[in-house]
Amino acid sequence: MPTQEEAVRIPLRSAPLALSAVAALVVVACSGGAAVARGGASDILPPVPKAAEAAGYGGAVASVSEYATAAGLKVLKEGGNAVDAAVATAAALGVTEPFSAGVGGGGYFVYYNARTHTVSTIDGRETAPAADDQSLFLENGKPLSFADAVTSGLSVGVPGSLATWQTALDRWGTQSLGQLFKPAESLAKHGFTVDQTFHDQVAQNQTRFAAFPATAALYLPGGQPPAVGSVQTNPDLARTYQQIGRQGIRALYGGSVGADIAKTVQHPQTAAGTTLTVRPGKLATTDLAGYRTKVQQPTRVNYRGLDVYSIAPSSSGGTTVGEALNILSHFDLKHASQTQYLHDYLEASRIAFADRNRWVGDPAFETVPTAQLTSQRFADSRSCLISPTTSLTSPLAPGDPYHPSSSCSTDAVAAPTGYEGINTTNLTVADRWGNVVEYTLTIEQTGGSAMTVPGRGFILNNELTDFDFTPLVAGVPDPNLPAAGKRPRSSISPTIVLDHGRFDFATGSPGGATIITTVLQILLGHIDRGLTLEQAIAAPRASQRNAAHSDVEQAFLDQPYAAQLQALGESYNAPAEIGAATGIQATRGGGYIAAAEPVRRGGGSAAVVSPRR
């Protein structure tokens, strides 16, 4: 594991050509009768049936998509390792989950090496173009509305996904990017079955998608969202994957794919008659050529004797989850009532978010006290804020991690939590050798910037709207303001848990700022409350992020403890779906239990290589 943050230069050499082709995906779609998209290969790879849990041996994959899980599982069965399978799964998600992830986005990659018993991470977050500055989202001295900022070239950061995949393969993989793209290429070319979630996500973005001819042509057939049960193809993306497979990632970071991205951002092509004002951005080919991933140390805290590893800043996930766990180490959550357990969880989240908002940003630009935020000493100074009988009031003021106060008081000014888009996607992979990948990838908002690169088949991100447009509180330092080359703060929290150096379980989730609370709630449910990993993923969710009200799901409101928490001072926003997590648990004898959502986002797909040894 690197002992210090290491900047990784994008290789400009061509990736090796695949030694053998991976079979084409053949998708059977049912819409009344049987609509079939047939490939030319004789080796047919059907989608894995959706399942919330699968137990077995030889490796495991969990994602939100039965097609992406099938792609990863095939790589494992053919001898690839967890990193190879994660890249294949991610590429397939770029086809079936294009409104959450893909070549036009970025993410954070966490890897456990079973041979060395170490955890490494890759920061593949998007960066602001060199021509951007703190006035990025200001117009006439005033901040743009989020709606105006998101659907624009201004919101597009330099994509990091391809660089993340290549960095991971260079360090820990065994196969070439071109080889691992084959399942996704075939899936894009021959199609997959549109489900209700895909249809609904297009419908939610119909006005935005209709504003861009390339997006409308791909996702609004006849001007309407694709019908549930129809076959969705993306031949442009298939050709893009083929080109990158031949040329390597230089096709994007210095080649023709990158040139097309820059052109799209600087000169957005809009449809005649659109009512949207689409502002151009400044992303240039030089920004793409200069992009770097960062291989860096993970965050680590010890909770109930387990070592919990996650991603360090520029994401706030590892520090915020870690601080909350340290705070909760003082509380007996195992034997507490359900109401008291949830009260303590919500309060710890509130406190940790107060500190996150004040202190976490891109460490290349800001002084981020990562070690102090994840220290037990700082958590001890904050845990005394929690009362068993009364909820705190938000926005709560942050503490000072450099000078923890034993009095549990602070003179600081509260910094509220800014908005983050809620859609992302997550995957978890383990292989026969015990290596594990937890990877969260994103284009931020559902549908990203809504701009599809013409002829390329992928949507560009809107990650730069994760910056605070202006300081959240006048006169209070804000570590998350825009700057040239800066990574916007994220809440992505891919987490791997070790028991005395051995892999125990891993989990991660989409959901914007709710990612942190979702991962924290899964960890607590599994470690403290004795739930299986699948049960912890399925449990009703609530999310407190130093706000006046907590976000909750309807299933949470339906439980008796919801009213009991209100009696303690808790209040709720209107119910909404929170997250769509995945995870994998190690079992005795070298097996795995893969876990995914039973209902959220239409249910996920968990699978193992073999149900038997």
# chains A, B, ... in the order shown; residues from 1 in each chain; ligands from 1
>>> closest_atom_pairs(of="region 179-245 of chain A", to="region 430-454 of chain A", cutoff="8 Å", atoms="only C-alpha atoms", output="CSV")
residue,atom,partner,partner_atom,distance
A:Gln201,CA,A:Thr446,CA,7.2
A:Val202,CA,A:Gly447,CA,8.0
A:Asn205,CA,A:Gly447,CA,7.0
A:Arg208,CA,A:Ala450,CA,6.1
A:Phe209,CA,A:Ala450,CA,5.7
A:Phe212,CA,A:Met451,CA,6.4
A:Ala214,CA,A:Pro454,CA,5.4
A:Thr215,CA,A:Thr452,CA,5.1
>>> residues_around(residues="Val599 (chain A)", least_positions_apart="2", cutoff="12 Å", atoms="only C-alpha atoms", output="list in words")
Lys50, Ala51, Ala52, Val64, Thr197, Glu534, Ile537, Ala538, Ala539, Pro540, Ala555, Glu577, Ile578, Gly579, Ala580, Ala581, Ala596, Glu597, Arg601, Gly602, Gly603, Gly604 and Ser605 of chain A
>>> write_last_selection(atoms="all heavy atoms", output="CSV table (one decimal), in the first residue's frame")
chain,number,residue,atom,x,y,z
A,50,LYS,N,-32.6,-11.3,-11.0
A,50,LYS,CA,-32.4,-10.4,-9.8
A,50,LYS,C,-32.7,-11.2,-8.6
A,50,LYS,O,-33.6,-12.0,-8.4
A,50,LYS,CB,-33.4,-9.3,-9.9
A,50,LYS,CG,-33.0,-8.2,-11.0
A,50,LYS,CD,-33.5,-6.9,-10.7
A,50,LYS,CE,-32.9,-5.8,-11.6
A,50,LYS,NZ,-33.3,-4.4,-11.2
A,51,ALA,N,-31.8,-11.0,-7.6
A,51,ALA,CA,-31.9,-11.7,-6.3
A,51,ALA,C,-31.2,-10.8,-5.2
A,51,ALA,O,-30.2,-10.2,-5.5
A,51,ALA,CB,-31.2,-13.1,-6.3
A,52,ALA,N,-31.9,-10.7,-4.1
A,52,ALA,CA,-31.3,-9.9,-3.0
A,52,ALA,C,-30.2,-10.5,-2.3
A,52,ALA,O,-29.4,-9.8,-1.6
A,52,ALA,CB,-32.5,-9.5,-2.0
A,64,VAL,N,-26.8,-3.2,-9.0
A,64,VAL,CA,-28.2,-2.9,-9.2
A,64,VAL,C,-28.8,-3.6,-10.4
A,64,VAL,O,-30.0,-3.7,-10.6
A,64,VAL,CB,-28.5,-1.4,-9.1
A,64,VAL,CG1,-28.1,-0.8,-10.4
A,64,VAL,CG2,-30.0,-1.1,-8.8
A,197,THR,N,-37.8,1.3,-13.5
A,197,THR,CA,-36.9,2.3,-13.0
A,197,THR,C,-36.3,3.1,-14.2
A,197,THR,O,-36.2,4.3,-14.1
A,197,THR,CB,-35.8,1.7,-12.2
A,197,THR,OG1,-36.4,1.0,-11.0
A,197,THR,CG2,-34.8,2.7,-11.7
A,534,GLU,N,-27.8,-8.6,4.2
A,534,GLU,CA,-29.0,-8.4,3.3
A,534,GLU,C,-30.1,-7.7,4.1
A,534,GLU,O,-30.8,-6.8,3.6
A,534,GLU,CB,-29.5,-9.7,2.7
A,534,GLU,CG,-30.5,-9.5,1.5
A,534,GLU,CD,-31.9,-9.2,2.0
A,534,GLU,OE1,-32.3,-9.7,3.0
A,534,GLU,OE2,-32.6,-8.4,1.3
A,537,ILE,N,-29.2,-4.1,4.7
A,537,ILE,CA,-29.4,-3.3,3.4
A,537,ILE,C,-30.9,-3.1,3.2
A,537,ILE,O,-31.3,-2.0,2.8
A,537,ILE,CB,-28.8,-4.1,2.2
A,537,ILE,CG1,-27.3,-4.0,2.3
A,537,ILE,CG2,-29.4,-3.6,0.9
A,537,ILE,CD1,-26.6,-4.9,1.2
A,538,ALA,N,-31.7,-4.0,3.6
A,538,ALA,CA,-33.2,-3.9,3.3
A,538,ALA,C,-33.9,-3.0,4.3
A,538,ALA,O,-35.0,-2.5,4.1
A,538,ALA,CB,-33.8,-5.3,3.3
A,539,ALA,N,-33.3,-2.8,5.5
A,539,ALA,CA,-34.0,-2.1,6.6
A,539,ALA,C,-34.5,-0.7,6.2
A,539,ALA,O,-33.8,0.0,5.4
A,539,ALA,CB,-33.1,-2.1,7.8
A,540,PRO,N,-35.6,-0.3,6.8
A,540,PRO,CA,-36.1,1.1,6.5
A,540,PRO,C,-35.0,2.1,6.9
A,540,PRO,O,-34.4,2.0,7.9
A,540,PRO,CB,-37.3,1.2,7.3
A,540,PRO,CG,-37.8,-0.2,7.6
A,540,PRO,CD,-36.5,-1.0,7.6
A,555,ALA,N,-41.5,3.2,4.7
A,555,ALA,CA,-41.4,2.1,5.6
A,555,ALA,C,-40.9,2.4,7.0
A,555,ALA,O,-41.2,1.8,8.0
A,555,ALA,CB,-40.5,1.0,4.9
A,577,GLU,N,-37.3,7.4,-1.3
A,577,GLU,CA,-36.5,6.3,-1.4
A,577,GLU,C,-35.0,6.7,-1.1
A,577,GLU,O,-34.6,7.7,-1.7
A,577,GLU,CB,-36.5,5.6,-2.7
A,577,GLU,CG,-35.7,4.3,-2.8
A,577,GLU,CD,-35.9,3.6,-4.2
A,577,GLU,OE1,-36.8,2.8,-4.3
A,577,GLU,OE2,-35.1,3.9,-5.1
A,578,ILE,N,-34.3,6.0,-0.3
A,578,ILE,CA,-32.9,6.4,0.1
A,578,ILE,C,-32.0,5.3,-0.2
A,578,ILE,O,-32.0,4.2,0.4
A,578,ILE,CB,-32.8,6.7,1.6
A,578,ILE,CG1,-33.8,7.9,2.0
A,578,ILE,CG2,-31.4,7.1,2.0
A,578,ILE,CD1,-33.8,8.2,3.5
A,579,GLY,N,-31.1,5.5,-1.3
A,579,GLY,CA,-30.0,4.6,-1.6
A,579,GLY,C,-30.5,3.3,-2.3
A,579,GLY,O,-31.7,3.0,-2.4
A,580,ALA,N,-29.5,2.6,-2.8
A,580,ALA,CA,-29.7,1.3,-3.4
A,580,ALA,C,-28.4,0.5,-3.2
A,580,ALA,O,-27.6,0.4,-4.2
A,580,ALA,CB,-30.1,1.4,-4.9
A,581,ALA,N,-28.2,0.0,-2.1
A,581,ALA,CA,-26.9,-0.5,-1.6
A,581,ALA,C,-26.6,-1.9,-2.2
A,581,ALA,O,-27.5,-2.7,-2.6
A,581,ALA,CB,-26.8,-0.5,-0.1
A,596,ALA,N,-27.9,-7.5,-2.1
A,596,ALA,CA,-28.4,-6.4,-2.9
A,596,ALA,C,-29.8,-6.0,-2.4
A,596,ALA,O,-30.4,-6.6,-1.6
A,596,ALA,CB,-28.4,-6.7,-4.4
A,597,GLU,N,-30.3,-4.9,-3.0
A,597,GLU,CA,-31.6,-4.4,-2.6
A,597,GLU,C,-32.7,-5.4,-3.0
A,597,GLU,O,-32.7,-5.8,-4.1
A,597,GLU,CB,-31.8,-3.0,-3.2
A,597,GLU,CG,-30.9,-1.9,-2.7
A,597,GLU,CD,-31.3,-1.5,-1.3
A,597,GLU,OE1,-32.3,-1.9,-0.7
A,597,GLU,OE2,-30.5,-0.6,-0.8
A,601,ARG,N,-34.9,0.8,-6.2
A,601,ARG,CA,-34.4,0.9,-7.6
A,601,ARG,C,-34.8,-0.4,-8.4
A,601,ARG,O,-34.1,-0.8,-9.3
A,601,ARG,CB,-32.9,1.1,-7.7
A,601,ARG,CG,-32.4,2.5,-7.2
A,601,ARG,CD,-32.3,3.5,-8.3
A,601,ARG,NE,-31.1,3.3,-9.2
A,601,ARG,CZ,-29.9,3.8,-9.0
A,601,ARG,NH1,-29.6,4.5,-7.9
A,601,ARG,NH2,-28.9,3.5,-9.8
A,602,GLY,N,-36.0,-0.9,-8.1
A,602,GLY,CA,-36.4,-2.1,-8.8
A,602,GLY,C,-35.8,-3.4,-8.3
A,602,GLY,O,-36.0,-4.5,-8.9
A,603,GLY,N,-35.0,-3.3,-7.2
A,603,GLY,CA,-34.3,-4.5,-6.7
A,603,GLY,C,-32.9,-4.7,-7.4
A,603,GLY,O,-32.8,-4.4,-8.6
A,604,GLY,N,-32.0,-5.2,-6.7
A,604,GLY,CA,-30.6,-5.5,-7.2
A,604,GLY,C,-30.4,-6.9,-7.6
A,604,GLY,O,-31.3,-7.7,-7.6
A,605,SER,N,-29.1,-7.2,-8.0
A,605,SER,CA,-28.8,-8.5,-8.5
A,605,SER,C,-27.5,-9.0,-7.8
A,605,SER,O,-26.4,-8.5,-8.0
A,605,SER,CB,-28.5,-8.4,-10.0
A,605,SER,OG,-28.1,-9.7,-10.5
>>> residues_around(residues="Tyr572 (chain A)", least_positions_apart="6", cutoff="9 Å", atoms="only C-alpha atoms", output="JSON, numbers by chain")
{"A": [542, 548, 549, 550, 551, 552, 557, 566]}
>>> write_last_selection(atoms="N, CA, C and O atoms", output="PDB file, in the first residue's frame")
ATOM      1  N   ALA A 542     -33.441   6.118   7.489  1.00  0.00           N
ATOM      2  CA  ALA A 542     -33.600   7.526   7.839  1.00  0.00           C
ATOM      3  C   ALA A 542     -32.234   8.182   7.717  1.00  0.00           C
ATOM      4  O   ALA A 542     -31.210   7.545   7.954  1.00  0.00           O
ATOM      5  N   ALA A 548     -32.772  20.586   9.704  1.00  0.00           N
ATOM      6  CA  ALA A 548     -33.907  20.726  10.615  1.00  0.00           C
ATOM      7  C   ALA A 548     -34.772  19.478  10.639  1.00  0.00           C
ATOM      8  O   ALA A 548     -35.362  19.142  11.682  1.00  0.00           O
ATOM      9  N   HIS A 549     -34.828  18.766   9.505  1.00  0.00           N
ATOM     10  CA  HIS A 549     -35.646  17.562   9.411  1.00  0.00           C
ATOM     11  C   HIS A 549     -34.816  16.419   8.831  1.00  0.00           C
ATOM     12  O   HIS A 549     -33.912  16.634   8.018  1.00  0.00           O
ATOM     13  N   SER A 550     -35.133  15.208   9.244  1.00  0.00           N
ATOM     14  CA  SER A 550     -34.478  14.025   8.697  1.00  0.00           C
ATOM     15  C   SER A 550     -35.258  13.521   7.498  1.00  0.00           C
ATOM     16  O   SER A 550     -36.488  13.550   7.482  1.00  0.00           O
ATOM     17  N   ASP A 551     -34.530  13.052   6.465  1.00  0.00           N
ATOM     18  CA  ASP A 551     -35.172  12.352   5.356  1.00  0.00           C
ATOM     19  C   ASP A 551     -35.461  10.926   5.793  1.00  0.00           C
ATOM     20  O   ASP A 551     -34.623  10.273   6.431  1.00  0.00           O
ATOM     21  N   VAL A 552     -36.635  10.442   5.444  1.00  0.00           N
ATOM     22  CA  VAL A 552     -37.025   9.090   5.842  1.00  0.00           C
ATOM     23  C   VAL A 552     -37.767   8.414   4.700  1.00  0.00           C
ATOM     24  O   VAL A 552     -38.310   9.069   3.813  1.00  0.00           O
ATOM     25  N   LEU A 557     -41.491   5.439   8.408  1.00  0.00           N
ATOM     26  CA  LEU A 557     -42.631   6.127   9.029  1.00  0.00           C
ATOM     27  C   LEU A 557     -43.697   5.159   9.516  1.00  0.00           C
ATOM     28  O   LEU A 557     -44.432   5.458  10.471  1.00  0.00           O
ATOM     29  N   GLN A 566     -40.176  11.100  17.242  1.00  0.00           N
ATOM     30  CA  GLN A 566     -40.762  12.440  17.213  1.00  0.00           C
ATOM     31  C   GLN A 566     -40.967  12.980  18.618  1.00  0.00           C
ATOM     32  O   GLN A 566     -40.790  14.180  18.871  1.00  0.00           O
TER      33      GLN A 566
END
>>> closest_residue(among="A:His330, A:Lys282, A:Arg358, A:His267", to="Tyr303 (chain A)", atoms="only C-alpha atoms")
A:His330
>>> closest_residue(among="A:Ser65, A:Gln196, A:Asn326, A:Thr465", to="Asn426 (chain A)", atoms="only C-alpha atoms")
A:Ser65
>>> residues_around(residues="Thr390 (chain A)", least_positions_apart="5", cutoff="10 Å", atoms="only C-alpha atoms", output="PDB file with C-alpha atoms, in the first residue's frame")
ATOM      1  CA  HIS A 343     -31.966   8.133  18.118  1.00  0.00           C
ATOM      2  CA  GLU A 347     -27.664  12.253  16.535  1.00  0.00           C
ATOM      3  CA  LEU A 565     -38.486   9.469  17.868  1.00  0.00           C
ATOM      4  CA  GLN A 566     -40.762  12.440  17.213  1.00  0.00           C
ATOM      5  CA  ALA A 567     -41.503  12.513  20.932  1.00  0.00           C
ATOM      6  CA  LEU A 568     -37.756  12.998  21.453  1.00  0.00           C
ATOM      7  CA  GLY A 569     -37.795  15.997  19.115  1.00  0.00           C
ATOM      8  CA  GLU A 570     -37.099  14.360  15.753  1.00  0.00           C
TER       9      GLU A 570
END
